[in-house]
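Comments concern the structure below.
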Amino acid sequence: MSPSAANKNLDIDEEDLCCTNKKTHFYEFKEHEQVKKLLDNLAENIKELRSRERSYEQFRFICDTYQEQPHLIDPFLSDIVDKIISTVKQETQKESPSKLLIDQAFKYMHCLAKMRGYKRIVQYLPHEITDFEPVLKLLESQDPRNSESWETRFILLLWLSIICIVPFDLERFDANDNQTDSILNRFLKITMPYLFVSDKCQDACALLLSKFMSRRDIQTKVLPMFFAQLIQHMQESAKSGDKFKLLGTLKCISSLYKNGKREDLLSYTLPTLKNIVELNLLSSKLAIVRKYYIKIIQRVGMTFFKVKIAKWRYERGSRSLMNNVKSMQTSSSNKTQSEDDYEEEIPGEIEEIIEQLLCGLKDPDTIVRWSSAKGIGRITNRLSQENADDILQSLLELFSFVEDDSAWHGGCLAIAELGRRGLLLPQQLKSVVPIILKALVFDKKLGNYSMGRNVRDAACYVCWSMARAFEPDVIKPYVNEIAGALLIVSVFDREVNCRRAASASFQENVGRQGQFPHGIDILTKCDYYAVGQIQNCFLDLAIYIASFDEYRQQIIEHLMEHKFNHWDQTIRELTSECLNKLTPLCPDYMAFVVLPSLIKHSTSIDLNTRHGVLLSMAQLIYALSELTNSPHQENLADKYFNEDFTSKLRQVLTEIFDEKFFRGSGGELMRPAVCFFLKKFSLCKQLHKQFKLDQNFTEECEKFLIQCIEHNKESVQLSAAEALPFYCDLPPYHQSELALVDLFIKNLRQTSKDYVRSGYSFALGYLPSFFLAKNDNFRKISSILISASKCGSGAMDDQTNKSLTKPTETDSTWVQARRDAIKSLTWLFKSVNNADDMKKFNLNESDFSELFESFFIGLDDYSNDSKGDSGSLVREVSMEALEFLLSLSARLNLKLASDTKLVERILAGLMQQSVERIDRTRCIAGKTFCAILHNTELKLDSDSFTELRKVFVKEECDKIDWNLAYVSMPMFVKFLNAKQFQTNLLIGFVYSIGSLTESVVKSATSSFIKQLKQIEADSDQDFRELMDKLFALCKVHLKVDRLSGSLIKTIDLLVQNEFFSNPILNTDKNYPLEFLNLFLENVKQTKDMQRLVSYTDFFCDMLQFDDEKIRKNTMIRLMIQLCHQYSRIRKVTASNLFEALINLPDLFQSDDDNAECIALLTETDWDQPMSVIRPIRNRICELTNTPKPVIKTNPIK
């Protein structure tokens, strides 16, 4: 986290942070005083757990804040480390040091090491000779198995690693030590176990031992034995499968070869190499083991050579960007020397090492491939030019399409390393560049995804490294190829990281080489952020780049070779749109090269190819047709749409209707593509003249479109519906609209399949306006769609007399058909734009009133199925339809738009949806509500609308996330006392209070109770009227599954919050008793478990009332439920009754009765048979003075 991202939590002014304010000094660590204070108070803060944790979290947060800019702490790092170390030293000098304080101090030190890196922290640790013994003793006192103090051991090991390299005689410590073991043996005995642990101490121990073994006085004494032990540990752990022991050994060997001197390690290289190769660790399942194996192999290989740099390597001169931009004609001097005279003989083991590294380049894990690539670069730097050429040839053999993406990726990394180190010579570019160009477009499909993004990213890295490695004259022959390839990746690659990598590489080449065509112009347009959006890349950036002649053909060829038949459908669709936009730049090439190529692939056996061909052909034909429609370009129609082309196109259209192309899952993809092609074909007016449409062709198209309309996938139906108005505009259909409309209406009425009804609803809604204006078609379609929006399952002709006036909860089928009918009505009325259209379609205001009523019915659709509230689909489209229709009425100056009651009814319905359970529905309702409220076309001037606008301010509404219940509900609940909205808001809040989502229940409950208390305090009359409405809702909805449980919970909530204790509710009518009687009547008729539990909660809460009748009736019901047929209800009743009776001792005649009753309720096993439970229940009745329930028996007739 950067400081600018964390300043909110630290309450730091953003202008005070050096990283965000250029006026202040860059090296500024503003929390220095706070850190100093934390360290000064370290001893005090550890005394209490709370203060200890709080201070540590503050310190850790500060370190994490500067994680991305750790150099800011450098000026203060020495003081901070000194403070921590001095605290540790002072504590260790005491007779009884506090282990807690020492561990806490080292935790702080670990935070610094994590932020700044252990290499920098180690430099500030004290490394006097006198520190060796105390630090070793402190480490000796640690328990390696204690997971709470691993930071202490980690820092101590790092501390020893800097102390042990100070030149001093180890034997001097033995003279002053009473220990029987020597200091050397103690050191190894203490540190070696940490090499086999599973935490970070393993890394620190490997570093420590490698540094210790590099001491001159250790070389002859310990190193041979130490190497032998490491080899033994490695062999044993590899056989036993002890991964931590094996990993620790490998880390130590790797670190030894990194920190040791060549002459000291040379004698151990052959045994090490032999033993580690025999273990075949490259086949290990652990990537980290394979990584360290590769590290050891390459470092052993480096040990065979003396430290030197290849004289033959290519060394570029000036690397100034300014010089490259200013001078593009700089001649490149020969930076390479002739074959150098290598007198050193190359050991035979190098061949084995290089072979292992080449195998590592094919490893499945990137960390192993990356380490192998660096090893190849380092060893090649010690070889002769001839041997280096052999290595390059071996690398190029990895770039075979037989190899997988791992080999390609590893090869790219290795070539980039060679180029970065100057080991790639100019004469070798002719064999390297073609390979890299292939890697830039490497993509292998595997199932429903592809492999190759890492290869393309690495290929961009190769191009980046070459830009820095070579002079402009060396790259000049390959400039156009590399520039075009990088631009293609930067705008057409599917993965954003590849696009950005290519953009960065192109930028580096423009800056370093200074000769990429139009480089600066393209960079200003195609920067890092611009290539982030793939749609912008295909439809904007690619068109801009193609405007330059140097790149145009490369772009089109890439689209034709790799993208029009890409495995990702989105890429194919974007490719077709891109080809459409590219057509005006090179129409002849598109017409005479690209289109014929697409036609050849139109019947390919590959589904993706056929799909891409249809999309691209449709876009290209449409683009060419648009060119022919331009002024003075009429002759282009004969040029592009000649007889040869139209005959081939007719053949394609004949073949694509073949049923074999639509079988299986491929049909779901191909049908929308064919519909899209027909849509674009219908728009090509100039092509129709050349094509010579006949009746057979139009009948074939009509048959296909009807098949798509009757398809069971919505995407296919919508594609056909969208193509229909354009296809109907063809000349053969101008006189056939009546037959087509009648056919669609007939099929819609007679179908017994819900998806077929949806398809014909879409088709009728999308019909063109010239179809609607004749034969009163608009009113026919409107009438049938209104009926469809109310109908349940089955054919509409069978429901003539039972069309739904209000969908019920039990009518859970065909919900989607009703939703689609409402959608189609919205699309249909979008054809009405003014008063002339109303006359043309023979519409009047009553038609709009009927439509409003059908949308209101949809707004009250609460159908339920196995998936839950499926009616929400209908309610959501109904809300949007109401908003559209109200706006349309205002534009048409209809009286309905100024009908205050109608608008209030719409807003009330939207308010109800805005406070209900489903987030998505609330969001749509909230946005629609605000859109109507702030619609300037509607003249909403009454006081109620003014009050609404005071709460729902337009600027604030645009920023609100309506999905969040805790944001929207407090706003709407303010109008709970508004009579025109009260009923709807009550239903909405009651429904949400009974929700299963905790956040919704919490928001609804808190908002509702708070507003109810406000109403109670403001007006007794309003409070009583609200209770009357709640009672009315209960009478109507207690038998409705959707609301009954929520109503019970809501009334119980009112009881718990003592609303029924208000005297106004007990003056002329006993509200608690009324609600109780209503619930007692309905509880007898339910067997739903959740509702029975809610009823039980309510009855137990009602015992708090002193009214004798309430208590008596409640206790009788509870006694009945103690013998309920469901054992769970018996247990819930006993538990709740126990909790209630604790606070009601007055129910019992004596304390003994109370205690006995409590004991019976809590100790009885209510899962026992009824014959056992009933006597216990009867005893409870006696103790509480409650009449015993009597089983009713039906008289014998």
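We label chains A, B, ... in the order they appear in the structure tokens, count residues from 1 in each chain, and number ligands from 1 in the order shown.
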message: Residues within 8 Å of segment 772-775 of chain A, please, as number ranges by chain. Count only C-alpha atoms; anything in the same chain fewer than 3 positions from it doesn't count.
response: A: 738, 767-769, 778, 840-841
- request: Identify all residues of segment 818-977 of chain A in helix (DSSP H, G or I) (DSSP on the backbone) and supply them as a PyMOL selection string.
  value: chain A and resi 818-829+835-840+845-859+872-891+895-898+900-914+919-933+943-951+954-957+965-975
message: If we count only C-alpha atoms and set the cut-off at 8 Å, which residues sit around segment 1113-1129 of chain A, ignoring sequence neighbours fewer than 2 positions away in its own chain? Please answer as number ranges by chain.
response: A: 1076, 1080, 1089, 1092-1093, 1096, 1099-1100, 1102-1103, 1109-1111, 1131-1134, 1137, 1166-1167, 1170, 1173-1174, 1177, 1181, 1186-1189
Keeping N, CA and C atoms, export the residues of the selection given above as a PDB file, in the first residue's frame.
ATOM      1  N   LEU A1076     -54.329 -10.919  18.852  1.00  0.00           N
ATOM      2  CA  LEU A1076     -54.180 -12.264  19.393  1.00  0.00           C
ATOM      3  C   LEU A1076     -55.269 -13.187  18.859  1.00  0.00           C
ATOM      4  N   LEU A1080     -54.750 -16.503  16.728  1.00  0.00           N
ATOM      5  CA  LEU A1080     -55.207 -17.792  17.242  1.00  0.00           C
ATOM      6  C   LEU A1080     -56.094 -18.504  16.239  1.00  0.00           C
ATOM      7  N   MET A1089     -43.671 -25.036   9.174  1.00  0.00           N
ATOM      8  CA  MET A1089     -42.814 -25.043  10.350  1.00  0.00           C
ATOM      9  C   MET A1089     -42.361 -23.632  10.734  1.00  0.00           C
ATOM     10  N   LEU A1092     -45.151 -21.615  12.260  1.00  0.00           N
ATOM     11  CA  LEU A1092     -45.492 -22.105  13.596  1.00  0.00           C
ATOM     12  C   LEU A1092     -44.482 -21.609  14.630  1.00  0.00           C
ATOM     13  N   VAL A1093     -43.207 -21.586  14.255  1.00  0.00           N
ATOM     14  CA  VAL A1093     -42.179 -21.064  15.156  1.00  0.00           C
ATOM     15  C   VAL A1093     -42.421 -19.580  15.420  1.00  0.00           C
ATOM     16  N   THR A1096     -45.254 -19.132  17.769  1.00  0.00           N
ATOM     17  CA  THR A1096     -44.844 -19.465  19.138  1.00  0.00           C
ATOM     18  C   THR A1096     -44.122 -18.294  19.790  1.00  0.00           C
ATOM     19  N   PHE A1099     -46.784 -15.691  20.692  1.00  0.00           N
ATOM     20  CA  PHE A1099     -47.628 -16.046  21.839  1.00  0.00           C
ATOM     21  C   PHE A1099     -46.860 -15.898  23.154  1.00  0.00           C
ATOM     22  N   CYS A1100     -45.606 -16.306  23.159  1.00  0.00           N
ATOM     23  CA  CYS A1100     -44.821 -16.172  24.387  1.00  0.00           C
ATOM     24  C   CYS A1100     -44.593 -14.705  24.746  1.00  0.00           C
ATOM     25  N   MET A1102     -46.684 -12.352  24.099  1.00  0.00           N
ATOM     26  CA  MET A1102     -47.973 -11.792  24.517  1.00  0.00           C
ATOM     27  C   MET A1102     -48.262 -12.045  25.991  1.00  0.00           C
ATOM     28  N   LEU A1103     -47.523 -12.955  26.635  1.00  0.00           N
ATOM     29  CA  LEU A1103     -47.753 -13.230  28.059  1.00  0.00           C
ATOM     30  C   LEU A1103     -47.390 -12.051  28.945  1.00  0.00           C
ATOM     31  N   LYS A1109     -57.709 -12.138  29.941  1.00  0.00           N
ATOM     32  CA  LYS A1109     -58.200 -12.866  28.774  1.00  0.00           C
ATOM     33  C   LYS A1109     -57.054 -13.175  27.807  1.00  0.00           C
ATOM     34  N   ILE A1110     -56.151 -12.200  27.662  1.00  0.00           N
ATOM     35  CA  ILE A1110     -55.010 -12.406  26.767  1.00  0.00           C
ATOM     36  C   ILE A1110     -54.137 -13.536  27.293  1.00  0.00           C
ATOM     37  N   ARG A1111     -53.846 -13.500  28.590  1.00  0.00           N
ATOM     38  CA  ARG A1111     -52.981 -14.529  29.170  1.00  0.00           C
ATOM     39  C   ARG A1111     -53.632 -15.908  29.085  1.00  0.00           C
ATOM     40  N   LYS A1131     -40.458 -28.549  21.273  1.00  0.00           N
ATOM     41  CA  LYS A1131     -39.221 -28.094  21.921  1.00  0.00           C
ATOM     42  C   LYS A1131     -39.104 -26.571  21.894  1.00  0.00           C
ATOM     43  N   VAL A1132     -39.461 -25.943  20.770  1.00  0.00           N
ATOM     44  CA  VAL A1132     -39.402 -24.483  20.677  1.00  0.00           C
ATOM     45  C   VAL A1132     -40.380 -23.851  21.665  1.00  0.00           C
ATOM     46  N   THR A1133     -41.569 -24.429  21.767  1.00  0.00           N
ATOM     47  CA  THR A1133     -42.580 -23.894  22.693  1.00  0.00           C
ATOM     48  C   THR A1133     -42.100 -24.003  24.136  1.00  0.00           C
ATOM     49  N   ALA A1134     -41.541 -25.152  24.491  1.00  0.00           N
ATOM     50  CA  ALA A1134     -41.047 -25.340  25.859  1.00  0.00           C
ATOM     51  C   ALA A1134     -39.930 -24.354  26.173  1.00  0.00           C
ATOM     52  N   LEU A1137     -41.402 -20.761  26.320  1.00  0.00           N
ATOM     53  CA  LEU A1137     -42.288 -20.617  27.482  1.00  0.00           C
ATOM     54  C   LEU A1137     -41.454 -20.524  28.761  1.00  0.00           C
ATOM     55  N   TRP A1166     -38.748 -33.674  24.935  1.00  0.00           N
ATOM     56  CA  TRP A1166     -39.981 -33.446  24.180  1.00  0.00           C
ATOM     57  C   TRP A1166     -40.050 -34.250  22.879  1.00  0.00           C
ATOM     58  N   ASP A1167     -39.036 -35.099  22.655  1.00  0.00           N
ATOM     59  CA  ASP A1167     -39.095 -36.010  21.508  1.00  0.00           C
ATOM     60  C   ASP A1167     -39.781 -37.329  21.861  1.00  0.00           C
ATOM     61  N   MET A1170     -46.247 -39.203  22.512  1.00  0.00           N
ATOM     62  CA  MET A1170     -47.273 -38.314  23.042  1.00  0.00           C
ATOM     63  C   MET A1170     -47.881 -38.851  24.338  1.00  0.00           C
ATOM     64  N   ILE A1173     -45.687 -37.477  26.995  1.00  0.00           N
ATOM     65  CA  ILE A1173     -45.631 -36.012  27.088  1.00  0.00           C
ATOM     66  C   ILE A1173     -46.932 -35.424  27.615  1.00  0.00           C
ATOM     67  N   ARG A1174     -48.082 -36.022  27.241  1.00  0.00           N
ATOM     68  CA  ARG A1174     -49.364 -35.413  27.597  1.00  0.00           C
ATOM     69  C   ARG A1174     -49.551 -35.283  29.104  1.00  0.00           C
ATOM     70  N   ARG A1177     -47.578 -32.311  30.176  1.00  0.00           N
ATOM     71  CA  ARG A1177     -48.241 -31.063  29.769  1.00  0.00           C
ATOM     72  C   ARG A1177     -49.411 -30.760  30.691  1.00  0.00           C
ATOM     73  N   CYS A1181     -50.264 -27.457  33.049  1.00  0.00           N
ATOM     74  CA  CYS A1181     -51.547 -26.737  33.067  1.00  0.00           C
ATOM     75  C   CYS A1181     -52.022 -26.521  34.502  1.00  0.00           C
ATOM     76  N   THR A1186     -54.102 -23.237  34.095  1.00  0.00           N
ATOM     77  CA  THR A1186     -54.584 -23.164  32.714  1.00  0.00           C
ATOM     78  C   THR A1186     -55.472 -24.358  32.435  1.00  0.00           C
ATOM     79  N   PRO A1187     -56.661 -24.140  31.828  1.00  0.00           N
ATOM     80  CA  PRO A1187     -57.526 -25.290  31.493  1.00  0.00           C
ATOM     81  C   PRO A1187     -56.800 -26.278  30.590  1.00  0.00           C
ATOM     82  N   LYS A1188     -57.001 -27.573  30.860  1.00  0.00           N
ATOM     83  CA  LYS A1188     -56.345 -28.587  30.045  1.00  0.00           C
ATOM     84  C   LYS A1188     -57.021 -28.672  28.678  1.00  0.00           C
ATOM     85  N   PRO A1189     -56.231 -28.686  27.625  1.00  0.00           N
ATOM     86  CA  PRO A1189     -56.827 -28.849  26.289  1.00  0.00           C
ATOM     87  C   PRO A1189     -57.472 -30.227  26.152  1.00  0.00           C
TER      88      PRO A1189
END
I'd like a table as a tab-separated table: residues in segment 643-665 of chain A with an atom no more than 10 Å from segment 693-716 of chain A, each row giving the shortest atom pair and its distance in Å to one decimal, only C-alpha atoms counted, sorted by chain and rising residue number.
residue	atom	partner	partner_atom	distance
A:Arg650	CA	A:Phe697	CA	9.2
A:Leu653	CA	A:Phe697	CA	8.8
A:Thr654	CA	A:Phe697	CA	8.3
A:Phe657	CA	A:Phe704	CA	7.4
A:Glu659	CA	A:Phe704	CA	9.9
message: So that I can see what lies close to Lys839 of chain A, please list as a PyMOL selection string the residues with an atom at most 12 Å from it, counting only C-alpha atoms and leaving out residues fewer than 2 positions away in the same chain.
response: chain A and resi 772-774+776+778-779+832-837+841-845+892
